[in-house]
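Source file final.cif; content: mmCIF, N, CA and C atoms.
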data_run
#
loop_
_atom_site.group_PDB
_atom_site.id
_atom_site.type_symbol
_atom_site.label_atom_id
_atom_site.label_comp_id
_atom_site.auth_asym_id
_atom_site.auth_seq_id
_atom_site.Cartn_x
_atom_site.Cartn_y
_atom_site.Cartn_z
ATOM 1 N N MET D 1 38.649 -37.439 -36.324
ATOM 2 C CA MET D 1 39.013 -36.290 -37.123
ATOM 3 C C MET D 1 37.863 -35.276 -37.093
ATOM 4 N N ALA D 2 38.204 -34.016 -37.008
ATOM 5 C CA ALA D 2 37.199 -32.960 -36.924
ATOM 6 C C ALA D 2 36.518 -32.767 -38.276
ATOM 7 N N GLU D 3 35.223 -32.488 -38.223
ATOM 8 C CA GLU D 3 34.468 -32.219 -39.440
ATOM 9 C C GLU D 3 34.564 -30.739 -39.783
ATOM 10 N N THR D 4 34.576 -30.458 -41.094
ATOM 11 C CA THR D 4 34.615 -29.078 -41.551
ATOM 12 C C THR D 4 33.463 -28.837 -42.528
ATOM 13 N N ARG D 5 33.163 -27.574 -42.705
ATOM 14 C CA ARG D 5 32.204 -27.169 -43.731
ATOM 15 C C ARG D 5 32.845 -26.030 -44.509
ATOM 16 N N THR D 6 32.384 -25.813 -45.725
ATOM 17 C CA THR D 6 32.965 -24.787 -46.587
ATOM 18 C C THR D 6 32.015 -23.598 -46.687
ATOM 19 N N ILE D 7 32.579 -22.403 -46.520
ATOM 20 C CA ILE D 7 31.804 -21.172 -46.658
ATOM 21 C C ILE D 7 32.554 -20.214 -47.578
ATOM 22 N N GLU D 8 31.841 -19.263 -48.125
ATOM 23 C CA GLU D 8 32.460 -18.241 -48.958
ATOM 24 C C GLU D 8 32.604 -16.961 -48.143
ATOM 25 N N LEU D 9 33.780 -16.359 -48.218
ATOM 26 C CA LEU D 9 34.043 -15.079 -47.563
ATOM 27 C C LEU D 9 34.590 -14.117 -48.604
ATOM 28 N N VAL D 10 34.142 -12.867 -48.553
ATOM 29 C CA VAL D 10 34.587 -11.839 -49.492
ATOM 30 C C VAL D 10 35.208 -10.703 -48.699
ATOM 31 N N GLY D 11 36.365 -10.243 -49.155
ATOM 32 C CA GLY D 11 37.030 -9.105 -48.535
ATOM 33 C C GLY D 11 37.194 -7.979 -49.542
ATOM 34 N N GLU D 12 36.990 -6.749 -49.099
ATOM 35 C CA GLU D 12 37.133 -5.566 -49.955
ATOM 36 C C GLU D 12 37.963 -4.515 -49.238
ATOM 37 N N SER D 13 38.782 -3.819 -50.026
ATOM 38 C CA SER D 13 39.592 -2.760 -49.439
ATOM 39 C C SER D 13 39.993 -1.750 -50.504
ATOM 40 N N PRO D 14 40.013 -0.483 -50.158
ATOM 41 C CA PRO D 14 40.555 0.519 -51.082
ATOM 42 C C PRO D 14 42.084 0.567 -51.027
ATOM 43 N N LEU D 15 42.690 -0.153 -50.063
ATOM 44 C CA LEU D 15 44.135 -0.075 -49.845
ATOM 45 C C LEU D 15 44.947 -1.103 -50.613
ATOM 46 N N GLY D 16 44.374 -2.255 -50.936
ATOM 47 C CA GLY D 16 45.140 -3.259 -51.672
ATOM 48 C C GLY D 16 44.712 -4.678 -51.339
ATOM 49 N N TRP D 17 45.361 -5.639 -52.040
ATOM 50 C CA TRP D 17 45.021 -7.055 -51.874
ATOM 51 C C TRP D 17 45.294 -7.540 -50.452
ATOM 52 N N ALA D 18 46.432 -7.150 -49.889
ATOM 53 C CA ALA D 18 46.786 -7.619 -48.542
ATOM 54 C C ALA D 18 45.742 -7.176 -47.520
ATOM 55 N N ASP D 19 45.262 -5.961 -47.642
ATOM 56 C CA ASP D 19 44.246 -5.483 -46.716
ATOM 57 C C ASP D 19 42.913 -6.199 -46.956
ATOM 58 N N ALA D 20 42.618 -6.535 -48.200
ATOM 59 C CA ALA D 20 41.386 -7.276 -48.501
ATOM 60 C C ALA D 20 41.418 -8.652 -47.834
ATOM 61 N N ILE D 21 42.581 -9.312 -47.839
ATOM 62 C CA ILE D 21 42.704 -10.613 -47.163
ATOM 63 C C ILE D 21 42.543 -10.447 -45.667
ATOM 64 N N ARG D 22 43.086 -9.350 -45.116
ATOM 65 C CA ARG D 22 42.908 -9.079 -43.683
ATOM 66 C C ARG D 22 41.428 -8.902 -43.357
ATOM 67 N N GLN D 23 40.672 -8.300 -44.274
ATOM 68 C CA GLN D 23 39.232 -8.133 -44.059
ATOM 69 C C GLN D 23 38.538 -9.495 -43.958
ATOM 70 N N VAL D 24 38.956 -10.445 -44.788
ATOM 71 C CA VAL D 24 38.390 -11.802 -44.726
ATOM 72 C C VAL D 24 38.685 -12.437 -43.377
ATOM 73 N N ILE D 25 39.928 -12.329 -42.929
ATOM 74 C CA ILE D 25 40.318 -12.924 -41.651
ATOM 75 C C ILE D 25 39.592 -12.247 -40.494
ATOM 76 N N ASP D 26 39.492 -10.923 -40.542
ATOM 77 C CA ASP D 26 38.761 -10.195 -39.491
ATOM 78 C C ASP D 26 37.279 -10.577 -39.480
ATOM 79 N N GLN D 27 36.708 -10.768 -40.665
ATOM 80 C CA GLN D 27 35.306 -11.188 -40.767
ATOM 81 C C GLN D 27 35.119 -12.557 -40.115
ATOM 82 N N ALA D 28 36.046 -13.465 -40.373
ATOM 83 C CA ALA D 28 35.964 -14.805 -39.774
ATOM 84 C C ALA D 28 36.095 -14.719 -38.249
ATOM 85 N N LYS D 29 37.030 -13.906 -37.774
ATOM 86 C CA LYS D 29 37.209 -13.752 -36.326
ATOM 87 C C LYS D 29 35.977 -13.162 -35.665
ATOM 88 N N SER D 30 35.393 -12.139 -36.290
ATOM 89 C CA SER D 30 34.239 -11.494 -35.682
ATOM 90 C C SER D 30 33.035 -12.432 -35.619
ATOM 91 N N ASN D 31 32.999 -13.414 -36.515
ATOM 92 C CA ASN D 31 31.935 -14.422 -36.499
ATOM 93 C C ASN D 31 32.341 -15.673 -35.720
ATOM 94 N N ARG D 32 33.474 -15.592 -35.046
ATOM 95 C CA ARG D 32 33.998 -16.678 -34.211
ATOM 96 C C ARG D 32 34.115 -17.997 -34.967
ATOM 97 N N LEU D 33 34.627 -17.902 -36.202
ATOM 98 C CA LEU D 33 34.830 -19.096 -37.016
ATOM 99 C C LEU D 33 36.215 -19.665 -36.746
ATOM 100 N N ASP D 34 36.306 -20.976 -36.638
ATOM 101 C CA ASP D 34 37.576 -21.665 -36.444
ATOM 102 C C ASP D 34 38.033 -22.166 -37.818
ATOM 103 N N ILE D 35 38.895 -21.392 -38.471
ATOM 104 C CA ILE D 35 39.291 -21.664 -39.849
ATOM 105 C C ILE D 35 40.340 -22.765 -39.922
ATOM 106 N N ALA D 36 40.095 -23.745 -40.808
ATOM 107 C CA ALA D 36 41.083 -24.782 -41.099
ATOM 108 C C ALA D 36 41.972 -24.321 -42.253
ATOM 109 N N THR D 37 41.361 -23.884 -43.359
ATOM 110 C CA THR D 37 42.096 -23.383 -44.524
ATOM 111 C C THR D 37 41.269 -22.304 -45.222
ATOM 112 N N ILE D 38 41.973 -21.453 -45.968
ATOM 113 C CA ILE D 38 41.314 -20.466 -46.827
ATOM 114 C C ILE D 38 41.941 -20.595 -48.206
ATOM 115 N N GLY D 39 41.094 -20.731 -49.226
ATOM 116 C CA GLY D 39 41.568 -20.802 -50.606
ATOM 117 C C GLY D 39 41.045 -19.633 -51.408
ATOM 118 N N LEU D 40 41.892 -19.073 -52.228
ATOM 119 C CA LEU D 40 41.520 -17.932 -53.052
ATOM 120 C C LEU D 40 40.739 -18.419 -54.266
ATOM 121 N N GLU D 41 39.543 -17.885 -54.454
ATOM 122 C CA GLU D 41 38.685 -18.263 -55.580
ATOM 123 C C GLU D 41 38.766 -17.245 -56.706
ATOM 124 N N GLY D 42 38.953 -15.979 -56.376
ATOM 125 C CA GLY D 42 39.019 -14.960 -57.421
ATOM 126 C C GLY D 42 39.384 -13.600 -56.871
ATOM 127 N N MET D 43 39.876 -12.766 -57.766
ATOM 128 C CA MET D 43 40.259 -11.405 -57.418
ATOM 129 C C MET D 43 39.718 -10.478 -58.498
ATOM 130 N N ASP D 44 39.231 -9.329 -58.103
ATOM 131 C CA ASP D 44 38.832 -8.331 -59.076
ATOM 132 C C ASP D 44 38.972 -6.945 -58.462
ATOM 133 N N VAL D 45 38.861 -5.954 -59.304
ATOM 134 C CA VAL D 45 38.972 -4.566 -58.849
ATOM 135 C C VAL D 45 37.798 -3.772 -59.398
ATOM 136 N N ARG D 46 37.478 -2.699 -58.710
ATOM 137 C CA ARG D 46 36.461 -1.770 -59.195
ATOM 138 C C ARG D 46 37.164 -0.470 -59.557
ATOM 139 N N THR D 47 36.745 0.095 -60.657
ATOM 140 C CA THR D 47 37.320 1.375 -61.069
ATOM 141 C C THR D 47 36.212 2.418 -61.183
ATOM 142 N N THR D 48 36.590 3.649 -60.917
ATOM 143 C CA THR D 48 35.694 4.793 -61.090
ATOM 144 C C THR D 48 36.464 5.850 -61.867
ATOM 145 N N GLU D 49 35.916 6.264 -62.981
ATOM 146 C CA GLU D 49 36.575 7.261 -63.834
ATOM 147 C C GLU D 49 38.015 6.871 -64.133
ATOM 148 N N ASN D 50 38.220 5.593 -64.480
ATOM 149 C CA ASN D 50 39.529 5.034 -64.842
ATOM 150 C C ASN D 50 40.545 5.035 -63.705
ATOM 151 N N HIS D 51 40.084 5.135 -62.452
ATOM 152 C CA HIS D 51 40.967 5.033 -61.290
ATOM 153 C C HIS D 51 40.545 3.823 -60.467
ATOM 154 N N LEU D 52 41.492 2.988 -60.133
ATOM 155 C CA LEU D 52 41.215 1.818 -59.309
ATOM 156 C C LEU D 52 40.842 2.292 -57.911
ATOM 157 N N ASP D 53 39.672 1.879 -57.434
ATOM 158 C CA ASP D 53 39.265 2.363 -56.115
ATOM 159 C C ASP D 53 38.867 1.271 -55.125
ATOM 160 N N LEU D 54 38.816 -0.015 -55.569
ATOM 161 C CA LEU D 54 38.457 -1.069 -54.631
ATOM 162 C C LEU D 54 39.047 -2.405 -55.081
ATOM 163 N N TYR D 55 39.754 -3.062 -54.169
ATOM 164 C CA TYR D 55 40.289 -4.411 -54.400
ATOM 165 C C TYR D 55 39.336 -5.395 -53.722
ATOM 166 N N ARG D 56 39.012 -6.487 -54.431
ATOM 167 C CA ARG D 56 38.075 -7.454 -53.855
ATOM 168 C C ARG D 56 38.623 -8.863 -54.076
ATOM 169 N N ILE D 57 38.533 -9.695 -53.031
ATOM 170 C CA ILE D 57 38.900 -11.101 -53.160
ATOM 171 C C ILE D 57 37.731 -11.961 -52.713
ATOM 172 N N ARG D 58 37.573 -13.087 -53.390
ATOM 173 C CA ARG D 58 36.561 -14.073 -53.019
ATOM 174 C C ARG D 58 37.303 -15.335 -52.594
ATOM 175 N N THR D 59 36.939 -15.857 -51.442
ATOM 176 C CA THR D 59 37.619 -17.038 -50.909
ATOM 177 C C THR D 59 36.614 -18.118 -50.535
ATOM 178 N N LYS D 60 37.109 -19.335 -50.453
ATOM 179 C CA LYS D 60 36.366 -20.453 -49.869
ATOM 180 C C LYS D 60 37.163 -20.858 -48.637
ATOM 181 N N ALA D 61 36.492 -20.908 -47.515
ATOM 182 C CA ALA D 61 37.148 -21.253 -46.258
ATOM 183 C C ALA D 61 36.562 -22.546 -45.712
ATOM 184 N N ALA D 62 37.438 -23.446 -45.304
ATOM 185 C CA ALA D 62 37.010 -24.636 -44.583
ATOM 186 C C ALA D 62 37.065 -24.289 -43.103
ATOM 187 N N VAL D 63 35.935 -24.388 -42.442
ATOM 188 C CA VAL D 63 35.863 -24.058 -41.014
ATOM 189 C C VAL D 63 35.440 -25.292 -40.238
ATOM 190 N N TYR D 64 36.008 -25.444 -39.065
ATOM 191 C CA TYR D 64 35.644 -26.566 -38.200
ATOM 192 C C TYR D 64 34.233 -26.361 -37.671
ATOM 193 N N ASP D 65 33.436 -27.406 -37.716
ATOM 194 C CA ASP D 65 32.091 -27.332 -37.150
ATOM 195 C C ASP D 65 32.197 -27.184 -35.643
ATOM 196 N N GLN D 66 31.409 -26.273 -35.110
ATOM 197 C CA GLN D 66 31.382 -26.052 -33.667
ATOM 198 C C GLN D 66 30.145 -26.745 -33.102
ATOM 199 N N LYS D 67 30.369 -27.860 -32.468
ATOM 200 C CA LYS D 67 29.241 -28.639 -31.935
ATOM 201 C C LYS D 67 29.134 -28.488 -30.452
#
In structure tokens, how does this file's structure come out?
Amino acid sequence: MAETRTIELVGESPLGWADAIRQVIDQAKSNRLDIATIGLEGMDVRTTENHLDLYRIRTKAAVYDQK
């Protein structure tokens, strides 16, 4: 069975939650990570002058060790 390790990935987007998740996946791809699973740890938003301007998600990803 393949060994995995857990890492934290954060995605941010001014467009919405779905785009923030895409940012996490793109971040993993750009770092050539082989993802087994991604779990959502938390979601929050940033506001400026009472307007929502940034969606943020925090995830824990299990990635296969590359030996």
Have a look at atom CA of D:Gly42 and atom N of D:Tyr64 and let me know their distance in Å, one decimal.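 Going from atom CA of D:Gly42 over to atom N of D:Tyr64 covers 21.4 Å.
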Kindly indicate which residue among D:Arg22, D:Arg32, D:His51, D:Arg58 lies nearest to D:Glu8, using only C-alpha atoms for the distances. D:Arg58
Give as a list in words the residues that the PyMOL selection byres ((chain D and resi 9) around 6) matches when applied to the coordinates above.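 Expected selection for the PyMOL selection byres ((chain D and resi 9) around 6) here is Ile7, Glu8, Val10, Gly11, Val24, Ile57, Arg58, Thr59, Lys60 and Ala61 of chain D.
The interatomic distance for the pair atom CA of D:Ser13 and atom CA of D:Arg56 works out to 6.6 Å.
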To one decimal place in Å, what is the distance between atom CA of D:Thr37 and atom CA of D:Asp53?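 Going from atom CA of D:Thr37 over to atom CA of D:Asp53 covers 28.4 Å.
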Once you've located stretch 26-67 of chain D in the structure I gave, write it as a PDB file, in the first residue's frame, keeping N, CA and C atoms.
ATOM      1  N   ASP D  26      -5.019  23.651  -8.418  1.00  0.00           N
ATOM      2  CA  ASP D  26      -3.954  24.181  -9.286  1.00  0.00           C
ATOM      3  C   ASP D  26      -2.627  24.290  -8.533  1.00  0.00           C
ATOM      4  N   GLN D  27      -2.695  24.682  -7.264  1.00  0.00           N
ATOM      5  CA  GLN D  27      -1.488  24.768  -6.435  1.00  0.00           C
ATOM      6  C   GLN D  27      -0.848  23.389  -6.293  1.00  0.00           C
ATOM      7  N   ALA D  28      -1.670  22.377  -6.066  1.00  0.00           N
ATOM      8  CA  ALA D  28      -1.150  21.009  -5.936  1.00  0.00           C
ATOM      9  C   ALA D  28      -0.522  20.547  -7.255  1.00  0.00           C
ATOM     10  N   LYS D  29      -1.188  20.832  -8.366  1.00  0.00           N
ATOM     11  CA  LYS D  29      -0.647  20.441  -9.673  1.00  0.00           C
ATOM     12  C   LYS D  29       0.674  21.130  -9.965  1.00  0.00           C
ATOM     13  N   SER D  30       0.752  22.427  -9.669  1.00  0.00           N
ATOM     14  CA  SER D  30       1.973  23.158  -9.973  1.00  0.00           C
ATOM     15  C   SER D  30       3.150  22.668  -9.133  1.00  0.00           C
ATOM     16  N   ASN D  31       2.853  22.095  -7.971  1.00  0.00           N
ATOM     17  CA  ASN D  31       3.894  21.514  -7.119  1.00  0.00           C
ATOM     18  C   ASN D  31       4.073  20.016  -7.369  1.00  0.00           C
ATOM     19  N   ARG D  32       3.417  19.521  -8.405  1.00  0.00           N
ATOM     20  CA  ARG D  32       3.502  18.117  -8.819  1.00  0.00           C
ATOM     21  C   ARG D  32       3.181  17.149  -7.685  1.00  0.00           C
ATOM     22  N   LEU D  33       2.119  17.481  -6.937  1.00  0.00           N
ATOM     23  CA  LEU D  33       1.681  16.618  -5.845  1.00  0.00           C
ATOM     24  C   LEU D  33       0.685  15.597  -6.374  1.00  0.00           C
ATOM     25  N   ASP D  34       0.811  14.361  -5.930  1.00  0.00           N
ATOM     26  CA  ASP D  34      -0.110  13.293  -6.300  1.00  0.00           C
ATOM     27  C   ASP D  34      -1.124  13.155  -5.160  1.00  0.00           C
ATOM     28  N   ILE D  35      -2.277  13.796  -5.315  1.00  0.00           N
ATOM     29  CA  ILE D  35      -3.267  13.883  -4.245  1.00  0.00           C
ATOM     30  C   ILE D  35      -4.081  12.601  -4.133  1.00  0.00           C
ATOM     31  N   ALA D  36      -4.194  12.089  -2.896  1.00  0.00           N
ATOM     32  CA  ALA D  36      -5.069  10.955  -2.610  1.00  0.00           C
ATOM     33  C   ALA D  36      -6.458  11.473  -2.236  1.00  0.00           C
ATOM     34  N   THR D  37      -6.526  12.412  -1.287  1.00  0.00           N
ATOM     35  CA  THR D  37      -7.792  13.016  -0.861  1.00  0.00           C
ATOM     36  C   THR D  37      -7.547  14.462  -0.433  1.00  0.00           C
ATOM     37  N   ILE D  38      -8.619  15.251  -0.483  1.00  0.00           N
ATOM     38  CA  ILE D  38      -8.588  16.616   0.048  1.00  0.00           C
ATOM     39  C   ILE D  38      -9.793  16.760   0.964  1.00  0.00           C
ATOM     40  N   GLY D  39      -9.550  17.232   2.186  1.00  0.00           N
ATOM     41  CA  GLY D  39     -10.630  17.474   3.139  1.00  0.00           C
ATOM     42  C   GLY D  39     -10.709  18.941   3.490  1.00  0.00           C
ATOM     43  N   LEU D  40     -11.908  19.451   3.568  1.00  0.00           N
ATOM     44  CA  LEU D  40     -12.125  20.855   3.888  1.00  0.00           C
ATOM     45  C   LEU D  40     -11.992  21.055   5.392  1.00  0.00           C
ATOM     46  N   GLU D  41     -11.115  21.961   5.794  1.00  0.00           N
ATOM     47  CA  GLU D  41     -10.887  22.254   7.212  1.00  0.00           C
ATOM     48  C   GLU D  41     -11.628  23.507   7.646  1.00  0.00           C
ATOM     49  N   GLY D  42     -11.773  24.473   6.757  1.00  0.00           N
ATOM     50  CA  GLY D  42     -12.461  25.707   7.132  1.00  0.00           C
ATOM     51  C   GLY D  42     -12.662  26.630   5.953  1.00  0.00           C
ATOM     52  N   MET D  43     -13.624  27.519   6.115  1.00  0.00           N
ATOM     53  CA  MET D  43     -13.939  28.504   5.092  1.00  0.00           C
ATOM     54  C   MET D  43     -14.111  29.852   5.779  1.00  0.00           C
ATOM     55  N   ASP D  44     -13.629  30.899   5.159  1.00  0.00           N
ATOM     56  CA  ASP D  44     -13.879  32.232   5.672  1.00  0.00           C
ATOM     57  C   ASP D  44     -13.857  33.227   4.521  1.00  0.00           C
ATOM     58  N   VAL D  45     -14.290  34.422   4.815  1.00  0.00           N
ATOM     59  CA  VAL D  45     -14.321  35.480   3.803  1.00  0.00           C
ATOM     60  C   VAL D  45     -13.670  36.729   4.375  1.00  0.00           C
ATOM     61  N   ARG D  46     -13.179  37.562   3.484  1.00  0.00           N
ATOM     62  CA  ARG D  46     -12.648  38.862   3.883  1.00  0.00           C
ATOM     63  C   ARG D  46     -13.582  39.928   3.328  1.00  0.00           C
ATOM     64  N   THR D  47     -13.828  40.921   4.140  1.00  0.00           N
ATOM     65  CA  THR D  47     -14.674  42.024   3.686  1.00  0.00           C
ATOM     66  C   THR D  47     -13.894  43.333   3.774  1.00  0.00           C
ATOM     67  N   THR D  48     -14.232  44.231   2.873  1.00  0.00           N
ATOM     68  CA  THR D  48     -13.676  45.585   2.878  1.00  0.00           C
ATOM     69  C   THR D  48     -14.844  46.548   2.738  1.00  0.00           C
ATOM     70  N   GLU D  49     -14.968  47.450   3.677  1.00  0.00           N
ATOM     71  CA  GLU D  49     -16.071  48.418   3.668  1.00  0.00           C
ATOM     72  C   GLU D  49     -17.416  47.727   3.497  1.00  0.00           C
ATOM     73  N   ASN D  50     -17.616  46.635   4.248  1.00  0.00           N
ATOM     74  CA  ASN D  50     -18.860  45.852   4.255  1.00  0.00           C
ATOM     75  C   ASN D  50     -19.176  45.171   2.928  1.00  0.00           C
ATOM     76  N   HIS D  51     -18.172  44.991   2.061  1.00  0.00           N
ATOM     77  CA  HIS D  51     -18.349  44.250   0.812  1.00  0.00           C
ATOM     78  C   HIS D  51     -17.441  43.028   0.842  1.00  0.00           C
ATOM     79  N   LEU D  52     -17.997  41.883   0.553  1.00  0.00           N
ATOM     80  CA  LEU D  52     -17.217  40.652   0.506  1.00  0.00           C
ATOM     81  C   LEU D  52     -16.262  40.732  -0.676  1.00  0.00           C
ATOM     82  N   ASP D  53     -14.970  40.565  -0.411  1.00  0.00           N
ATOM     83  CA  ASP D  53     -14.024  40.691  -1.520  1.00  0.00           C
ATOM     84  C   ASP D  53     -13.068  39.513  -1.685  1.00  0.00           C
ATOM     85  N   LEU D  54     -13.094  38.524  -0.750  1.00  0.00           N
ATOM     86  CA  LEU D  54     -12.202  37.385  -0.905  1.00  0.00           C
ATOM     87  C   LEU D  54     -12.779  36.158  -0.202  1.00  0.00           C
ATOM     88  N   TYR D  55     -12.864  35.056  -0.937  1.00  0.00           N
ATOM     89  CA  TYR D  55     -13.283  33.761  -0.383  1.00  0.00           C
ATOM     90  C   TYR D  55     -12.014  32.951  -0.120  1.00  0.00           C
ATOM     91  N   ARG D  56     -11.958  32.306   1.056  1.00  0.00           N
ATOM     92  CA  ARG D  56     -10.754  31.540   1.387  1.00  0.00           C
ATOM     93  C   ARG D  56     -11.174  30.184   1.954  1.00  0.00           C
ATOM     94  N   ILE D  57     -10.486  29.127   1.508  1.00  0.00           N
ATOM     95  CA  ILE D  57     -10.704  27.799   2.073  1.00  0.00           C
ATOM     96  C   ILE D  57      -9.376  27.242   2.556  1.00  0.00           C
ATOM     97  N   ARG D  58      -9.444  26.506   3.653  1.00  0.00           N
ATOM     98  CA  ARG D  58      -8.275  25.812   4.188  1.00  0.00           C
ATOM     99  C   ARG D  58      -8.560  24.317   4.094  1.00  0.00           C
ATOM    100  N   THR D  59      -7.619  23.585   3.536  1.00  0.00           N
ATOM    101  CA  THR D  59      -7.806  22.147   3.344  1.00  0.00           C
ATOM    102  C   THR D  59      -6.631  21.366   3.915  1.00  0.00           C
ATOM    103  N   LYS D  60      -6.877  20.101   4.176  1.00  0.00           N
ATOM    104  CA  LYS D  60      -5.820  19.137   4.489  1.00  0.00           C
ATOM    105  C   LYS D  60      -5.854  18.129   3.349  1.00  0.00           C
ATOM    106  N   ALA D  61      -4.717  17.922   2.737  1.00  0.00           N
ATOM    107  CA  ALA D  61      -4.624  17.001   1.608  1.00  0.00           C
ATOM    108  C   ALA D  61      -3.700  15.846   1.964  1.00  0.00           C
ATOM    109  N   ALA D  62      -4.151  14.640   1.671  1.00  0.00           N
ATOM    110  CA  ALA D  62      -3.290  13.472   1.778  1.00  0.00           C
ATOM    111  C   ALA D  62      -2.648  13.281   0.411  1.00  0.00           C
ATOM    112  N   VAL D  63      -1.336  13.322   0.377  1.00  0.00           N
ATOM    113  CA  VAL D  63      -0.609  13.172  -0.889  1.00  0.00           C
ATOM    114  C   VAL D  63       0.280  11.945  -0.810  1.00  0.00           C
ATOM    115  N   TYR D  64       0.386  11.252  -1.919  1.00  0.00           N
ATOM    116  CA  TYR D  64       1.255  10.077  -1.984  1.00  0.00           C
ATOM    117  C   TYR D  64       2.710  10.519  -1.931  1.00  0.00           C
ATOM    118  N   ASP D  65       3.495   9.844  -1.121  1.00  0.00           N
ATOM    119  CA  ASP D  65       4.926  10.137  -1.068  1.00  0.00           C
ATOM    120  C   ASP D  65       5.559   9.743  -2.391  1.00  0.00           C
ATOM    121  N   GLN D  66       6.397  10.625  -2.896  1.00  0.00           N
ATOM    122  CA  GLN D  66       7.106  10.358  -4.145  1.00  0.00           C
ATOM    123  C   GLN D  66       8.531   9.933  -3.802  1.00  0.00           C
ATOM    124  N   LYS D  67       8.778   8.660  -3.922  1.00  0.00           N
ATOM    125  CA  LYS D  67      10.103   8.135  -3.559  1.00  0.00           C
ATOM    126  C   LYS D  67      10.909   7.818  -4.778  1.00  0.00           C
TER     127      LYS D  67
END
